[in-house]
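Shown next: final35.txt, containing compact mmCIF, C-alpha atoms.
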```
# COMPACT_ATOMS: atom_id res chain seq x y z
CA MET A 171 30.12 -40.46 -26.85
CA THR A 172 26.76 -41.51 -25.39
CA ASN A 173 24.14 -38.79 -25.39
CA LYS A 174 22.83 -37.90 -21.94
CA THR A 175 19.13 -38.57 -21.38
CA ILE A 176 17.41 -35.23 -20.84
CA GLY A 177 15.43 -35.11 -17.62
CA ILE A 178 13.00 -32.70 -16.00
CA LYS A 179 15.82 -31.16 -13.92
CA ASP A 180 17.70 -30.27 -17.11
CA VAL A 181 14.65 -28.44 -18.42
CA ALA A 182 14.25 -26.60 -15.11
CA ILE A 183 17.89 -25.47 -15.08
CA ALA A 184 17.83 -24.34 -18.71
CA ALA A 185 14.56 -22.45 -18.21
CA GLY A 186 15.63 -20.95 -14.90
CA VAL A 187 12.59 -22.26 -13.01
CA SER A 188 11.86 -24.95 -10.42
CA VAL A 189 11.25 -28.62 -11.19
CA THR A 190 7.71 -28.19 -9.81
CA THR A 191 7.02 -25.39 -12.29
CA VAL A 192 8.23 -27.54 -15.18
CA SER A 193 6.02 -30.41 -13.99
CA HIS A 194 3.00 -28.12 -13.69
CA VAL A 195 3.53 -26.65 -17.16
CA LEU A 196 4.19 -29.90 -19.01
CA ASN A 197 1.30 -31.66 -17.26
CA ASP A 198 -1.08 -28.74 -17.90
CA VAL A 199 -2.04 -28.36 -14.23
CA ALA A 200 -4.91 -25.85 -14.29
CA TYR A 201 -4.51 -24.47 -10.79
CA ALA A 202 -0.76 -23.76 -11.12
CA ARG A 203 0.07 -20.05 -10.82
CA VAL A 204 2.44 -19.80 -13.77
CA SER A 205 2.44 -16.84 -16.14
CA PRO A 206 1.78 -17.42 -19.86
CA GLU A 207 5.31 -16.18 -20.62
CA THR A 208 6.87 -18.77 -18.28
CA ARG A 209 4.66 -21.52 -19.70
CA ASP A 210 5.78 -20.68 -23.24
CA LYS A 211 9.44 -20.55 -22.17
CA VAL A 212 9.30 -23.94 -20.40
CA LYS A 213 7.62 -25.60 -23.37
CA ALA A 214 10.12 -24.09 -25.79
CA VAL A 215 13.10 -25.23 -23.68
CA ALA A 216 11.64 -28.73 -23.32
CA GLU A 217 11.16 -28.98 -27.08
CA ARG A 218 14.65 -27.63 -27.81
CA LEU A 219 16.28 -30.11 -25.42
CA GLY A 220 14.16 -32.96 -26.71
CA TYR A 221 12.68 -33.69 -23.29
CA GLY A 222 9.91 -36.26 -23.13
CA PRO A 223 9.46 -38.71 -20.25
CA ASN A 224 9.84 -42.28 -21.49
CA ARG A 225 7.03 -44.08 -19.67
CA LEU A 226 8.17 -47.54 -20.73
CA ALA A 227 11.72 -46.95 -19.50
CA GLN A 228 10.40 -45.50 -16.24
CA ALA A 229 8.12 -48.50 -15.73
CA LEU A 230 10.95 -50.97 -16.30
CA ARG A 231 13.24 -49.07 -13.94
CA THR A 232 10.77 -48.43 -11.10
CA GLN A 233 8.28 -51.27 -11.64
CA ARG A 234 5.61 -48.55 -11.71
CA THR A 235 3.16 -47.67 -14.47
CA GLY A 236 2.39 -44.08 -13.47
CA MET A 237 -1.32 -44.96 -13.30
CA LEU A 238 -3.59 -44.44 -10.29
CA GLY A 239 -7.03 -45.97 -9.94
CA LEU A 240 -9.99 -44.03 -8.53
CA ILE A 241 -13.12 -45.93 -7.56
CA SER A 242 -15.74 -43.21 -7.45
CA GLU A 243 -18.93 -44.13 -5.64
CA GLU A 244 -21.39 -42.10 -7.74
CA ILE A 245 -19.39 -38.89 -7.23
CA ALA A 246 -18.64 -38.80 -10.96
CA THR A 247 -22.33 -37.94 -11.43
CA THR A 248 -22.63 -35.67 -8.37
CA PRO A 249 -21.72 -32.07 -9.33
CA HIS A 250 -20.43 -30.79 -5.98
CA ALA A 251 -18.58 -33.98 -5.04
CA GLY A 252 -17.07 -34.20 -8.52
CA ARG A 253 -14.47 -31.77 -7.21
CA ILE A 254 -12.91 -34.78 -5.48
CA ILE A 255 -12.06 -36.07 -8.94
CA LEU A 256 -10.74 -32.66 -10.03
CA GLY A 257 -8.51 -32.39 -6.95
CA ALA A 258 -7.21 -35.93 -7.43
CA ASP A 259 -6.60 -35.50 -11.15
CA GLU A 260 -4.73 -32.21 -10.85
CA ALA A 261 -2.59 -33.48 -7.96
CA ALA A 262 -1.78 -36.64 -9.95
CA ARG A 263 -0.81 -34.71 -13.09
CA ALA A 264 1.45 -32.42 -11.08
CA ARG A 265 3.38 -35.50 -9.96
CA GLY A 266 3.50 -37.08 -13.42
CA TYR A 267 0.73 -39.65 -12.84
CA ASN A 268 -2.54 -40.30 -14.67
CA LEU A 269 -5.91 -41.23 -13.20
CA MET A 270 -8.12 -44.15 -14.26
CA ILE A 271 -11.70 -43.83 -12.95
CA ILE A 272 -14.35 -46.47 -12.29
CA ASN A 273 -17.76 -45.12 -11.27
CA THR A 274 -19.70 -47.51 -9.04
CA SER A 275 -22.95 -47.50 -7.09
CA GLY A 276 -23.22 -46.68 -3.41
CA ALA A 277 -25.47 -49.71 -3.11
CA ALA A 278 -23.03 -52.05 -4.91
CA SER A 279 -22.36 -55.36 -3.17
CA LEU A 280 -19.00 -56.12 -1.62
CA GLU A 281 -18.37 -58.64 -4.41
CA SER A 282 -19.15 -56.00 -7.05
CA ARG A 283 -16.71 -53.58 -5.43
CA ARG A 284 -14.14 -56.35 -5.28
CA ALA A 285 -14.56 -56.77 -9.05
CA ASP A 286 -14.01 -53.02 -9.53
CA VAL A 287 -10.74 -53.22 -7.60
CA GLU A 288 -9.71 -56.27 -9.61
CA ALA A 289 -10.35 -54.42 -12.87
CA LEU A 290 -7.89 -51.72 -11.77
CA LEU A 291 -5.32 -54.26 -10.55
CA GLU A 292 -5.45 -56.01 -13.93
CA ARG A 293 -4.45 -52.68 -15.50
CA ARG A 294 -1.45 -52.56 -13.12
CA VAL A 295 -2.32 -49.33 -11.31
CA ASP A 296 0.28 -48.28 -8.75
CA GLY A 297 -2.31 -47.39 -6.12
CA ILE A 298 -6.03 -46.86 -5.58
CA LEU A 299 -8.17 -44.03 -4.25
CA TYR A 300 -11.64 -45.03 -3.01
CA ALA A 301 -14.10 -42.12 -2.78
CA THR A 302 -17.65 -42.25 -1.46
CA MET A 303 -20.40 -39.74 -2.25
CA TYR A 304 -20.88 -38.84 1.41
CA HIS A 305 -18.95 -39.39 4.64
CA ARG A 306 -19.55 -42.83 6.11
CA LYS A 307 -17.81 -45.93 7.44
CA ILE A 308 -17.50 -48.81 4.98
CA THR A 309 -16.38 -52.41 4.64
CA LEU A 310 -13.67 -52.66 1.99
CA PRO A 311 -13.01 -55.52 -0.46
CA ASP A 312 -10.05 -57.61 0.67
CA ASN A 313 -8.11 -57.20 -2.59
CA LEU A 314 -7.76 -53.45 -1.99
CA SER A 315 -4.77 -54.32 0.20
CA SER A 316 -2.87 -55.51 -2.91
CA VAL A 317 -1.62 -51.96 -3.58
CA PRO A 318 -1.31 -48.73 -1.58
CA ALA A 319 -4.78 -47.26 -1.02
CA VAL A 320 -6.35 -44.14 0.49
CA LEU A 321 -10.03 -43.53 1.29
CA VAL A 322 -11.66 -40.21 0.44
CA ASP A 323 -14.69 -38.93 2.41
CA SER A 324 -15.00 -42.30 4.15
CA GLU A 325 -13.49 -44.45 6.86
CA SER A 326 -12.79 -48.17 6.96
CA LEU A 327 -14.71 -50.14 9.59
CA SER A 328 -11.52 -52.10 10.17
CA GLY A 329 -9.60 -48.87 10.84
CA ASN A 330 -6.51 -50.02 8.94
CA VAL A 331 -6.66 -47.87 5.79
CA THR A 332 -5.53 -44.25 5.53
CA SER A 333 -8.47 -41.89 5.03
CA VAL A 334 -9.34 -38.22 4.76
CA VAL A 335 -12.71 -36.78 5.84
CA PRO A 336 -14.33 -33.37 6.43
CA ASP A 337 -14.49 -31.78 9.87
CA GLU A 338 -18.23 -32.31 10.35
CA GLU A 339 -18.29 -31.15 13.97
CA GLY A 340 -16.04 -28.17 13.31
CA GLY A 341 -18.17 -27.17 10.32
CA ALA A 342 -21.30 -27.24 12.48
CA ARG A 343 -19.59 -25.05 15.08
CA ILE A 344 -18.70 -22.54 12.36
CA ALA A 345 -22.29 -22.58 11.03
CA VAL A 346 -23.82 -21.99 14.45
CA GLY A 347 -21.12 -19.44 15.21
CA SER A 348 -22.23 -17.36 12.23
CA LEU A 349 -25.71 -17.14 13.77
CA LEU A 350 -24.35 -16.39 17.24
CA ASP A 351 -22.10 -13.66 15.84
CA ALA A 352 -25.17 -12.03 14.27
CA GLY A 353 -26.79 -11.90 17.71
CA HIS A 354 -29.12 -14.90 17.62
CA THR A 355 -29.81 -16.75 20.88
CA ARG A 356 -32.82 -18.85 19.80
CA ILE A 357 -31.27 -21.24 17.29
CA GLY A 358 -32.75 -24.51 15.99
CA PHE A 359 -31.29 -27.38 13.98
CA LEU A 360 -32.86 -29.40 11.15
CA ASN A 361 -30.94 -32.69 11.26
CA ASN A 362 -30.74 -35.83 9.14
CA THR A 363 -32.20 -39.18 10.23
CA ASP A 364 -29.55 -41.42 8.63
CA ASP A 365 -27.08 -43.17 10.93
CA VAL A 366 -23.92 -41.68 9.37
CA PRO A 367 -21.00 -39.76 10.95
CA ALA A 368 -22.24 -36.37 9.70
CA THR A 369 -25.60 -36.78 11.48
CA HIS A 370 -23.99 -37.32 14.87
CA GLU A 371 -21.02 -34.98 14.48
CA ARG A 372 -23.01 -32.02 13.16
CA LEU A 373 -25.47 -32.41 16.06
CA ARG A 374 -22.55 -32.55 18.49
CA GLY A 375 -21.06 -29.39 16.96
CA PHE A 376 -24.44 -27.60 17.11
CA ARG A 377 -24.89 -28.33 20.81
CA ALA A 378 -21.27 -27.62 21.70
CA ALA A 379 -21.29 -24.20 20.01
CA LEU A 380 -24.43 -23.19 21.93
CA ASN A 381 -23.10 -24.51 25.25
CA GLU A 382 -19.84 -22.63 24.79
CA ALA A 383 -21.84 -19.45 24.15
CA GLY A 384 -23.62 -19.89 27.51
CA LEU A 385 -26.84 -21.20 25.95
CA ASP A 386 -28.54 -24.53 26.68
CA GLY A 387 -27.36 -26.50 23.68
CA ASP A 388 -28.46 -29.84 25.12
CA ASN A 389 -32.09 -28.71 25.08
CA ALA A 390 -32.01 -26.54 21.96
CA PRO A 391 -34.75 -27.38 19.42
CA VAL A 392 -33.87 -30.13 16.94
CA GLU A 393 -36.15 -31.61 14.27
CA ALA A 394 -34.95 -34.57 12.16
CA GLU A 395 -36.14 -35.79 8.76
CA HIS A 396 -34.69 -37.33 5.60
CA SER A 397 -31.97 -34.97 4.33
CA GLU A 398 -33.71 -33.85 1.15
CA VAL A 399 -35.81 -30.80 0.22
CA GLN A 400 -39.09 -32.41 1.34
CA GLY A 401 -37.54 -33.51 4.62
CA GLY A 402 -36.32 -29.99 5.30
CA TYR A 403 -39.77 -28.61 4.49
CA VAL A 404 -41.56 -30.97 6.89
CA ALA A 405 -39.01 -30.51 9.69
CA ALA A 406 -39.08 -26.72 9.28
CA LEU A 407 -42.88 -26.60 9.54
CA ARG A 408 -42.63 -28.35 12.91
CA MET A 409 -39.86 -26.01 14.00
CA PHE A 410 -41.77 -22.88 12.98
CA ARG A 411 -44.90 -23.97 14.89
CA ARG A 412 -43.05 -24.03 18.22
CA PRO A 413 -44.14 -21.35 20.67
CA ASP A 414 -40.47 -20.33 21.06
CA ARG A 415 -39.82 -20.25 17.31
CA PRO A 416 -36.10 -19.81 16.59
CA THR A 417 -34.81 -16.68 14.92
CA GLY A 418 -31.80 -18.62 13.60
CA LEU A 419 -31.84 -21.98 11.84
CA PHE A 420 -28.95 -24.33 11.10
CA CYS A 421 -29.76 -26.96 8.45
CA TYR A 422 -27.98 -30.31 8.04
CA ASN A 423 -27.43 -29.57 4.35
CA ASP A 424 -28.39 -27.11 1.64
CA ARG A 425 -31.22 -29.31 0.38
CA MET A 426 -32.92 -29.22 3.78
CA ALA A 427 -32.32 -25.46 3.86
CA MET A 428 -34.12 -25.17 0.52
CA GLY A 429 -37.08 -26.99 2.08
CA ALA A 430 -36.94 -24.60 5.05
CA TYR A 431 -37.11 -21.64 2.64
CA ARG A 432 -40.31 -23.10 1.17
CA ALA A 433 -41.86 -23.65 4.61
CA ALA A 434 -40.95 -20.11 5.67
CA ALA A 435 -42.53 -18.65 2.54
CA GLU A 436 -45.78 -20.58 3.16
CA MET A 437 -45.93 -19.29 6.73
CA GLY A 438 -45.11 -15.71 5.76
CA ILE A 439 -41.72 -15.74 7.53
CA THR A 440 -39.17 -13.55 5.76
CA ILE A 441 -35.53 -14.56 5.30
CA PRO A 442 -33.36 -13.06 6.65
CA GLY A 443 -35.64 -10.41 8.21
CA GLU A 444 -37.47 -12.75 10.59
CA LEU A 445 -35.36 -15.88 10.18
CA SER A 446 -31.64 -16.29 9.50
CA VAL A 447 -30.61 -19.58 7.86
CA VAL A 448 -27.27 -21.34 7.40
CA GLY A 449 -26.74 -24.61 5.51
CA PHE A 450 -23.97 -27.15 4.99
CA ASP A 451 -22.28 -28.56 1.83
CA ASP A 452 -22.18 -25.43 -0.40
CA GLN A 453 -24.04 -27.06 -3.27
CA GLU A 454 -23.71 -24.08 -5.58
CA LEU A 455 -26.71 -25.02 -7.74
CA ILE A 456 -28.80 -24.50 -4.61
CA ALA A 457 -26.91 -22.18 -2.25
CA ALA A 458 -25.94 -19.54 -4.81
CA ASN A 459 -29.27 -19.57 -6.65
CA ILE A 460 -32.03 -19.49 -4.05
CA ASN A 461 -33.19 -16.09 -2.84
CA PRO A 462 -31.63 -14.81 -0.69
CA GLY A 463 -28.33 -16.57 -1.37
CA LEU A 464 -27.67 -19.16 1.33
CA THR A 465 -24.80 -18.75 3.77
CA THR A 466 -23.40 -22.26 4.15
CA VAL A 467 -20.39 -24.36 5.12
CA ALA A 468 -18.37 -25.87 2.26
CA LEU A 469 -17.19 -29.46 2.20
CA PRO A 470 -13.50 -29.64 1.18
CA HIS A 471 -14.04 -31.98 -1.77
CA TYR A 472 -11.20 -30.66 -3.91
CA GLU A 473 -8.82 -30.57 -0.97
CA MET A 474 -9.68 -34.15 0.08
CA GLY A 475 -9.06 -35.44 -3.45
CA ALA A 476 -5.72 -33.63 -3.68
CA TRP A 477 -4.58 -34.63 -0.16
CA ALA A 478 -5.40 -38.30 -0.74
CA THR A 479 -3.56 -38.34 -4.08
CA GLU A 480 -0.46 -36.69 -2.65
CA ARG A 481 -0.29 -39.23 0.20
CA LEU A 482 -0.91 -42.13 -2.18
CA ILE A 483 1.90 -41.07 -4.51
CA ASP A 484 4.22 -40.49 -1.55
CA ALA A 485 3.55 -44.08 -0.46
CA ILE A 486 4.08 -45.44 -3.98
CA GLU A 487 7.41 -43.63 -4.19
CA GLY A 488 8.50 -44.79 -0.74
CA LYS A 489 8.35 -41.32 0.84
CA THR A 490 5.74 -42.15 3.49
CA ASN A 491 4.27 -45.15 5.29
CA LEU A 492 0.48 -45.18 4.97
CA ALA A 493 0.21 -47.49 7.98
CA LEU A 494 1.38 -44.62 10.18
CA LEU A 495 -1.55 -42.49 8.97
CA ALA A 496 -4.22 -45.20 9.23
CA SER A 497 -4.89 -45.15 12.98
CA HIS A 498 -7.27 -42.22 12.64
CA PRO A 499 -8.65 -40.24 9.68
CA THR A 500 -7.09 -36.97 8.61
CA ILE A 501 -9.69 -34.22 9.10
CA LEU A 502 -9.86 -31.19 6.79
CA ASP A 503 -11.52 -27.87 7.62
CA CYS A 504 -14.95 -26.88 6.30
CA PRO A 505 -14.94 -23.10 5.62
CA LEU A 506 -17.93 -20.76 5.86
CA VAL A 507 -19.25 -19.35 2.56
CA GLU A 508 -21.10 -16.13 3.34
CA ARG A 509 -24.08 -15.00 1.27
CA ASP A 510 -27.23 -13.11 2.27
CA SER A 511 -29.33 -15.37 4.51
CA ILE A 512 -28.11 -14.12 7.91
CA THR A 513 -28.80 -10.82 9.66
CA ALA A 514 -29.32 -9.62 13.24
CA PRO A 515 -32.55 -10.79 14.91
CA ARG A 516 -35.41 -8.34 15.28
CA ASN A 517 -36.10 -9.40 18.86
```
Please render this file's structure as C-alpha cells.
Amino acid sequence: MTNKTIGIKDVAIAAGVSVTTVSHVLNDVAYARVSPETRDKVKAVAERLGYGPNRLAQALRTQRTGMLGLISEEIATTPHAGRIILGADEAARARGYNLMIINTSGAASLESRRADVEALLERRVDGILYATMYHRKITLPDNLSSVPAVLVDSESLSGNVTSVVPDEEGGARIAVGSLLDAGHTRIGFLNNTDDVPATHERLRGFRAALNEAGLDGDNAPVEAEHSEVQGGYVAALRMFRRPDRPTGLFCYNDRMAMGAYRAAAEMGITIPGELSVVGFDDQELIAANINPGLTTVALPHYEMGAWATERLIDAIEGKTNLALLASHPTILDCPLVERDSITAPRN
C-alpha cells in the first residue's frame, strides 16, 4: 500500500489547531499569537507524522519556487522604513514563501534597476515587491511586468501596477486635529520643498483640517525648507518671528520637528508650555528621545509591507487579479502616536 504524503492539514487535524496556526508555528512567524504550549505541540505532531514540505515536488507541481523578490530602495539601511521588510518577510513566511532582497539606490538609473529585476528573474522568483524609501511616483523597468509585482510606498507613473501608500492627507488631518483638540487656533506648518506626493498631500490635509474647524486654513502660516533638521530649524526661526506667532506647530516630519525644537530653545520658547509641536513619520530614534517626547503620526511601514506581500501571493496563487487593484493605490491609515509635546495654549 502506498503511504499517504503528510500535508499541513494532517498536522492541523492531529494537533487540533487551524492550518494557519500550523503555518505560523512551522515558519516561526514572530507576530503570531500562539502560546508556547501550542507551539511545542504542533512541532511535536509535525515531527511524529514526518511532515516536511517538499519544495522540489511543490515547484514541479505548481511551477512555483516559493521565492519572492524584494527590491528595496535604500530602506534596508533606513531604520524606520526597514519595517517594510519585516512586514513583508513575516507575511511571506506565514504563507510558506521566502524573501530574496536586493538593496538599490534611490538615485539608480532605470537601466540599473532593470538589472536588479533581471537578477531576481534569473533566480526564478514567483513575484516581485518594489519598495521605495519615501512615497513618490516612479518609472518602472519594463521587465518588471514579467512576473506579478506590487509597489510599496510608491506609485507607477504609468498607473498600471498595484501599489500601497500611506494616507498622507489623512495623517496631516490627524496631526492638526491633535492641536485643535488641545485648543489651539493659531497653528503653523513647516513643510518640505521637494515635489513629492507627501509635500502636497500633507499641505492639503493641514489646510482642510483648519477650514473644517472654522479657521482660515488657506491663509494659515506655512514655511517650507528642505525636510531635514537644519531645514526645520531655519523654517521655524522664520515662523517664530511672525507677529502672530503660532501656539501650535505641525512639522512635515520628525527631523524638521527636531530642528524646530532647536530654534525654540534658542528663542527661549518652551515646549509644550508656549508651543505645542506634532511631527510625522514616528522615527523612534528622534520622536521618542528628544525632550519632551514628540507627538507624531506614524507611517504604516510594517502594514504596507505585509499588505503588498499578501496581495502578491494571492496573485501568484491565482486568488486575485492585480490588474483590478492597479487603477488607484491602496491607502493605509497613519495613526497618531501621543507623547508629551502637546498641551493647551496659554492664550
- request: Have a look at A:Ala277, A:Val181, A:Ile501, A:Val448 and name the one nearest to Leu349 in chain A; count all atoms listed in the file.
  value: A:Val448
field: Residue neighbourhood range 398-402 of chain A, 6 Å, only C-alpha atoms, exclusion window fewer than 5 positions, as a PyMOL selection string
entry: chain A and resi 425-426+428-430
- line: Students should find that CA of Gly297 in chain A and CA of Arg234 in chain A are spaced 9.8 Å
- line: Correct to one decimal, the distance CA of Ala216 in chain A-CA of Ala202 in chain A is 18.1 Å
message: Which residues are close to Met270 in chain A, i.e. within 7 Å by only C-alpha atoms, leaving aside same-chain residues fewer than 2 positions away? Reply as a list in words.
response: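 Surrounding residues, per the criterion: Met237, Leu238, Gly239, Leu240, Asn268 and Ile272 of chain A.
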task: Have a look at A:Gly387, A:Pro470, A:Pro442, A:Gly463 and name the one nearest to Asp424 in chain A; count only C-alpha atoms.
output: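 The answer is A:Gly463, which sits nearest to Asp424 in chain A.
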message: Just checking: using all atoms listed in the file, which residue out of A:Gly257, A:Gly236, A:Pro505, A:Gly252 ends up closest to Thr479 in chain A?
response: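 Using all atoms listed in the file, Thr479 in chain A sits closest to A:Gly257.
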Proximity of range 258-363 of chain A to range 378-383 of chain A: per-residue shortest pair, 8 Å limit, only C-alpha atoms, as JSON lines:
```
{"residue": "A:Arg343", "atom": "CA", "partner": "A:Ala379", "partner_atom": "CA", "distance": 5.3}
{"residue": "A:Val346", "atom": "CA", "partner": "A:Ala379", "partner_atom": "CA", "distance": 6.5}
{"residue": "A:Gly347", "atom": "CA", "partner": "A:Ala379", "partner_atom": "CA", "distance": 6.8}
{"residue": "A:Leu350", "atom": "CA", "partner": "A:Ala383", "partner_atom": "CA", "distance": 8.0}
```
Using the atoms already present, construct N, CA, C and O atoms for range 407-424 of chain A and hand them back as a compact mmCIF listing (two decimals), in the frame of the given file.
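What follows is the written file part33.txt:
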```txt
# COMPACT_ATOMS: atom_id res chain seq x y z
N LEU A 407 -41.51 -26.91 9.12
CA LEU A 407 -42.88 -26.60 9.54
C LEU A 407 -43.06 -26.89 11.02
O LEU A 407 -43.67 -26.10 11.76
N ARG A 408 -42.54 -28.02 11.48
CA ARG A 408 -42.63 -28.35 12.91
C ARG A 408 -41.86 -27.33 13.75
O ARG A 408 -42.32 -26.90 14.81
N MET A 409 -40.68 -26.97 13.27
CA MET A 409 -39.86 -26.01 14.00
C MET A 409 -40.55 -24.66 14.10
O MET A 409 -40.55 -24.02 15.17
N PHE A 410 -41.17 -24.21 13.01
CA PHE A 410 -41.77 -22.88 12.98
C PHE A 410 -43.05 -22.80 13.82
O PHE A 410 -43.49 -21.71 14.17
N ARG A 411 -43.66 -23.96 14.11
CA ARG A 411 -44.90 -23.97 14.89
C ARG A 411 -44.64 -24.02 16.40
O ARG A 411 -45.58 -24.01 17.19
N ARG A 412 -43.38 -24.05 16.79
CA ARG A 412 -43.05 -24.03 18.22
C ARG A 412 -43.38 -22.66 18.80
O ARG A 412 -43.22 -21.63 18.14
N PRO A 413 -43.83 -22.65 20.05
CA PRO A 413 -44.14 -21.35 20.67
C PRO A 413 -42.90 -20.46 20.81
O PRO A 413 -43.02 -19.24 20.79
N ASP A 414 -41.72 -21.09 20.95
CA ASP A 414 -40.47 -20.33 21.06
C ASP A 414 -39.70 -20.41 19.74
O ASP A 414 -38.53 -20.74 19.70
N ARG A 415 -40.40 -20.09 18.65
CA ARG A 415 -39.82 -20.25 17.31
C ARG A 415 -38.44 -19.61 17.21
O ARG A 415 -38.25 -18.45 17.61
N PRO A 416 -37.46 -20.36 16.71
CA PRO A 416 -36.10 -19.81 16.59
C PRO A 416 -36.04 -18.64 15.62
O PRO A 416 -36.83 -18.55 14.67
N THR A 417 -35.09 -17.76 15.87
CA THR A 417 -34.81 -16.68 14.92
C THR A 417 -33.63 -17.05 14.02
O THR A 417 -33.38 -16.40 13.02
N GLY A 418 -32.92 -18.11 14.40
CA GLY A 418 -31.80 -18.62 13.60
C GLY A 418 -31.96 -20.11 13.37
O GLY A 418 -32.38 -20.83 14.28
N LEU A 419 -31.65 -20.57 12.17
CA LEU A 419 -31.84 -21.98 11.84
C LEU A 419 -30.61 -22.54 11.14
O LEU A 419 -30.16 -22.01 10.12
N PHE A 420 -30.05 -23.61 11.71
CA PHE A 420 -28.95 -24.33 11.10
C PHE A 420 -29.52 -25.59 10.45
O PHE A 420 -30.25 -26.35 11.10
N CYS A 421 -29.23 -25.81 9.19
CA CYS A 421 -29.76 -26.96 8.45
C CYS A 421 -28.64 -27.95 8.13
O CYS A 421 -27.54 -27.55 7.74
N TYR A 422 -28.95 -29.23 8.25
CA TYR A 422 -27.98 -30.31 8.04
C TYR A 422 -27.30 -30.18 6.68
O TYR A 422 -26.10 -30.43 6.56
N ASN A 423 -28.05 -29.81 5.66
CA ASN A 423 -27.43 -29.57 4.35
C ASN A 423 -28.24 -28.53 3.58
O ASN A 423 -29.29 -28.06 4.05
N ASP A 424 -27.75 -28.16 2.42
CA ASP A 424 -28.39 -27.11 1.64
C ASP A 424 -29.75 -27.54 1.10
O ASP A 424 -30.63 -26.71 0.89
```
